[in-house]
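Each remark here refers to the structure printed beneath this line.
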Amino acid sequence: MRIALIADTHLSARSPECVANWHAARRAVGRLGADLTVNLGDITLDGQTHADELAFASRLMQQWPTEVRCVPGNHDLGDGSGESPLDERLLRAYSDHFGPDHWVLRTGNWTLLGINAQLLGTDSSQEAELWRWIEEQARRATDHAHTALFLHRPVLRSSSSEFGRKGRYVNRSAAERLLSGPLQPTLRLVVSGHAHQYLDTTVEGVRHLWMPSTAFILPDDMQTRIGEKLVGVGLLDVSDAAARFDLWCPDGMKRHEVSALDFFNASDAAAPTIQASTA
């Protein structure tokens, strides 16, 4: 199966530059022959506070050339991680527009799991239900299975200096459970967005891919550089035990810096919380 990967599209009528880059991604995916696209969250610019952006992004997604599966980001339904349960109204609104917040697909020897990273670390009934579902999918794995996990926030911290950082990563205890818990025997690949940086590294047999945003980068004075700051679309081919990845920067996709975009410089009431959520 050939899977296109997009992340942090930040779609809104307030962000025409992000929409233009999204169209460049759409045209590229149409040419690349993908069977499926996974959107890794932050589909909207600020759908958690601007409900119209959910509908706006949903209409654009209907133009996409492949089947699409999405996982939610903090800009789509809020940030419950480590603080409180997510708002059920936001969860329902997300599902109405983009489908379930967790899902499973199987192709050959591969199990593809998409999960809602915003639930991890909330100690809520919502999180407990998600863990039960993950454990059930792990029990269904065969001896020769390989699992790929798709979620918004990165699981692997790039260095010990990152352990105290809040906002960028999955809650630490939840990350350990994902990597060392029921998925561990079959987990081969973790694909995330959120950081607006590209990173490809393998640790203890698990490959971690940080997908860059299609929309924009954050300049170094706003965000520590860990990976490569670029924009692009990923192409993941999974077959048998292999997973091949290529990164593309399509024609027409511009490497915007967020601080130069009009929506970022709007009034405090209207500007999205980009810096706090990805720094």
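Every chain in the structure tokens takes a letter, A first, then B, and so on in the order presented; its residues are numbered from 1, and the ligands are numbered from 1 following the presented order.
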
Next on the checklist: Using DSSP assignments from the backbone, pull out every residue in range 30-175 of chain A that falls under strand (DSSP E or B) and give it to me as a PyMOL selection string.
Outcome noted: chain A and resi 36-39+44+67-70+103-107+110-114+146-150

Quick one: residues within 7 Å of Arg188 in chain A, only C-alpha atoms counted, chain neighbours fewer than 3 positions away excluded, as a compact mmCIF listing (two decimals) with N, CA and C atoms, in the first residue's frame?
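around_0.txt was written with the following content:
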# COMPACT_ATOMS: atom_id res chain seq x y z
N HIS A 146 3.27 -6.40 11.61
CA HIS A 146 4.04 -5.17 11.81
C HIS A 146 3.03 -4.06 12.00
N THR A 147 3.26 -3.24 13.01
CA THR A 147 2.32 -2.17 13.35
C THR A 147 2.95 -0.82 13.05
N ALA A 148 2.17 0.05 12.42
CA ALA A 148 2.53 1.45 12.23
C ALA A 148 1.52 2.30 13.00
N GLY A 205 14.76 -0.43 17.31
CA GLY A 205 14.01 -1.14 16.29
C GLY A 205 12.74 -0.46 15.82
N VAL A 206 12.42 0.71 16.36
CA VAL A 206 11.22 1.45 15.95
C VAL A 206 11.65 2.71 15.22
N ARG A 207 11.13 2.88 14.02
CA ARG A 207 11.43 4.07 13.23
C ARG A 207 10.43 5.17 13.57

Counting only C-alpha atoms, which residues of range 28-53 of chain A sit at most 12 Å from some atom of range 104-113 of chain A, and what is each one's closest atom pair with its distance in Å to one decimal, listed by chain and rising residue number, as a tab-separated table?
residue	atom	partner	partner_atom	distance
A:Asp35	CA	A:Thr107	CA	11.3
A:Leu36	CA	A:Leu105	CA	10.6
A:Val38	CA	A:Leu112	CA	10.3
A:Leu40	CA	A:Leu113	CA	11.9

Write the residues of the preceding selection, restricted to all heavy atoms, as a PDB file, in the first residue's frame.
ATOM      1  N   ASP A  35      -2.645   5.203  -2.482  1.00  0.00           N
ATOM      2  CA  ASP A  35      -3.902   4.493  -2.233  1.00  0.00           C
ATOM      3  C   ASP A  35      -4.691   5.121  -1.095  1.00  0.00           C
ATOM      4  O   ASP A  35      -5.913   4.985  -1.020  1.00  0.00           O
ATOM      5  CB  ASP A  35      -3.610   3.033  -1.869  1.00  0.00           C
ATOM      6  CG  ASP A  35      -2.772   2.333  -2.920  1.00  0.00           C
ATOM      7  OD1 ASP A  35      -3.247   2.214  -4.056  1.00  0.00           O
ATOM      8  OD2 ASP A  35      -1.637   1.923  -2.596  1.00  0.00           O
ATOM      9  N   LEU A  36      -3.983   5.778  -0.180  1.00  0.00           N
ATOM     10  CA  LEU A  36      -4.571   6.308   1.046  1.00  0.00           C
ATOM     11  C   LEU A  36      -3.764   7.522   1.459  1.00  0.00           C
ATOM     12  O   LEU A  36      -2.558   7.591   1.205  1.00  0.00           O
ATOM     13  CB  LEU A  36      -4.504   5.246   2.155  1.00  0.00           C
ATOM     14  CG  LEU A  36      -4.867   5.669   3.584  1.00  0.00           C
ATOM     15  CD1 LEU A  36      -6.377   5.858   3.707  1.00  0.00           C
ATOM     16  CD2 LEU A  36      -4.377   4.627   4.597  1.00  0.00           C
ATOM     17  N   VAL A  38      -3.047   9.838   5.039  1.00  0.00           N
ATOM     18  CA  VAL A  38      -3.247  10.045   6.470  1.00  0.00           C
ATOM     19  C   VAL A  38      -2.903  11.496   6.782  1.00  0.00           C
ATOM     20  O   VAL A  38      -1.794  11.957   6.509  1.00  0.00           O
ATOM     21  CB  VAL A  38      -2.383   9.098   7.319  1.00  0.00           C
ATOM     22  CG1 VAL A  38      -2.538   9.431   8.811  1.00  0.00           C
ATOM     23  CG2 VAL A  38      -2.762   7.643   7.062  1.00  0.00           C
ATOM     24  N   LEU A  40      -2.213  13.972   9.728  1.00  0.00           N
ATOM     25  CA  LEU A  40      -1.702  13.769  11.074  1.00  0.00           C
ATOM     26  C   LEU A  40      -2.122  14.850  12.067  1.00  0.00           C
ATOM     27  O   LEU A  40      -1.540  14.969  13.141  1.00  0.00           O
ATOM     28  CB  LEU A  40      -0.176  13.662  11.029  1.00  0.00           C
ATOM     29  CG  LEU A  40       0.324  12.395  10.312  1.00  0.00           C
ATOM     30  CD1 LEU A  40       1.749  12.569   9.842  1.00  0.00           C
ATOM     31  CD2 LEU A  40       0.198  11.189  11.228  1.00  0.00           C
TER      32      LEU A  40
END

I'd like the contact shell of Asp52 in chain A - 12 Å cut-off, only C-alpha atoms, skipping same-chain residues fewer than 4 positions apart - returned as a compact mmCIF listing (two decimals) with N, CA and C atoms, in the first residue's frame.
# COMPACT_ATOMS: atom_id res chain seq x y z
N LEU A 11 -5.87 24.68 7.90
CA LEU A 11 -6.78 25.23 6.91
C LEU A 11 -7.78 26.19 7.54
N SER A 12 -7.98 27.31 6.88
CA SER A 12 -8.94 28.31 7.33
C SER A 12 -9.05 29.37 6.25
N ALA A 13 -10.20 30.02 6.20
CA ALA A 13 -10.32 31.19 5.31
C ALA A 13 -9.37 32.29 5.76
N ARG A 14 -8.92 32.25 7.02
CA ARG A 14 -7.98 33.25 7.53
C ARG A 14 -6.54 32.97 7.11
N THR A 44 -7.05 22.07 10.95
CA THR A 44 -7.55 23.44 10.92
C THR A 44 -6.55 24.40 11.57
N LEU A 45 -6.76 25.67 11.30
CA LEU A 45 -5.94 26.70 11.94
C LEU A 45 -6.26 26.79 13.42
N ASP A 46 -7.53 26.82 13.77
CA ASP A 46 -7.96 26.87 15.17
C ASP A 46 -9.40 26.41 15.29
N GLY A 47 -9.69 25.19 14.83
CA GLY A 47 -11.05 24.68 14.85
C GLY A 47 -11.62 24.50 16.23
N GLN A 48 -10.75 24.41 17.24
CA GLN A 48 -11.26 24.23 18.60
C GLN A 48 -11.96 25.48 19.12
N PHE A 56 -15.04 24.34 6.97
CA PHE A 56 -14.21 24.82 5.86
C PHE A 56 -13.20 23.77 5.43
N ALA A 57 -12.49 23.20 6.41
CA ALA A 57 -11.49 22.18 6.10
C ALA A 57 -12.14 20.91 5.56
N SER A 58 -13.29 20.55 6.09
CA SER A 58 -13.99 19.35 5.62
C SER A 58 -14.37 19.48 4.15
N ARG A 59 -14.82 20.65 3.76
CA ARG A 59 -15.18 20.86 2.34
C ARG A 59 -13.94 20.72 1.45
N ASP A 76 -7.48 21.24 16.43
CA ASP A 76 -8.77 20.75 15.96
C ASP A 76 -9.77 20.55 17.09
N ALA A 93 -17.90 17.18 17.20
CA ALA A 93 -17.77 18.04 16.02
C ALA A 93 -16.65 17.54 15.11
N TYR A 94 -15.52 17.16 15.73
CA TYR A 94 -14.42 16.61 14.94
C TYR A 94 -14.87 15.37 14.17
N HIS A 97 -17.06 15.87 11.13
CA HIS A 97 -16.42 16.43 9.93
C HIS A 97 -15.32 15.54 9.36

Item to check | Interatomic distance (Å, one decimal) between CA of Arg172 in chain A and CA of His102 in chain A | outcome: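 Atom-to-atom, CA of Arg172 in chain A to CA of His102 in chain A, that is 20.2 Å.
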
Checklist entry - Mind pulling up the distance from CA of Glu129 in chain A to CA of Gly167 in chain A? => result 22.6 Å

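You will find CA of Leu189 in chain A at 16.2 Å from CA of Thr37 in chain A.
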
Item to check | Members of range 114-236 of chain A assigned alpha helix (DSSP H) by DSSP, as a ChimeraX atom specification | outcome: /A:125-139,172-180

Store the residues of this selection in a file with C-alpha atoms, as a PDB file, in the first residue's frame.
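Written out: again_27.pdb:
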ATOM      1  CA  SER A 125     -12.432   7.756  30.994  1.00  0.00           C
ATOM      2  CA  GLN A 126     -11.840   8.763  27.378  1.00  0.00           C
ATOM      3  CA  GLU A 127      -8.164   7.825  27.674  1.00  0.00           C
ATOM      4  CA  ALA A 128      -8.975   4.546  29.445  1.00  0.00           C
ATOM      5  CA  GLU A 129     -11.295   3.603  26.593  1.00  0.00           C
ATOM      6  CA  LEU A 130      -8.566   4.372  24.053  1.00  0.00           C
ATOM      7  CA  TRP A 131      -6.052   2.147  25.891  1.00  0.00           C
ATOM      8  CA  ARG A 132      -8.552  -0.720  25.947  1.00  0.00           C
ATOM      9  CA  TRP A 133      -8.972  -0.343  22.197  1.00  0.00           C
ATOM     10  CA  ILE A 134      -5.185  -0.302  21.631  1.00  0.00           C
ATOM     11  CA  GLU A 135      -4.798  -3.449  23.730  1.00  0.00           C
ATOM     12  CA  GLU A 136      -7.526  -5.186  21.720  1.00  0.00           C
ATOM     13  CA  GLN A 137      -5.765  -4.339  18.435  1.00  0.00           C
ATOM     14  CA  ALA A 138      -2.480  -5.667  19.885  1.00  0.00           C
ATOM     15  CA  ARG A 139      -4.160  -8.959  20.839  1.00  0.00           C
ATOM     16  CA  ARG A 172       5.972  10.797  29.070  1.00  0.00           C
ATOM     17  CA  SER A 173       4.223   7.906  30.834  1.00  0.00           C
ATOM     18  CA  ALA A 174       1.878   7.432  27.872  1.00  0.00           C
ATOM     19  CA  ALA A 175       4.856   7.450  25.492  1.00  0.00           C
ATOM     20  CA  GLU A 176       6.547   4.703  27.527  1.00  0.00           C
ATOM     21  CA  ARG A 177       3.338   2.672  27.461  1.00  0.00           C
ATOM     22  CA  LEU A 178       3.033   3.030  23.687  1.00  0.00           C
ATOM     23  CA  LEU A 179       6.637   1.949  23.127  1.00  0.00           C
ATOM     24  CA  SER A 180       6.942  -0.736  25.828  1.00  0.00           C
TER      25      SER A 180
END

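Restricting the calculation to only C-alpha atoms, the smallest distance between Thr122 in chain A and any of A:Asn265, A:Leu86, A:Gly181, A:His256 is found for A:Leu86.
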
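Within the 6 Å cut-off around Val238 in chain A, using only C-alpha atoms and omitting residues fewer than 2 positions from it on the same chain, the listed residues are A:Met1, A:Ala242, A:Ala243.
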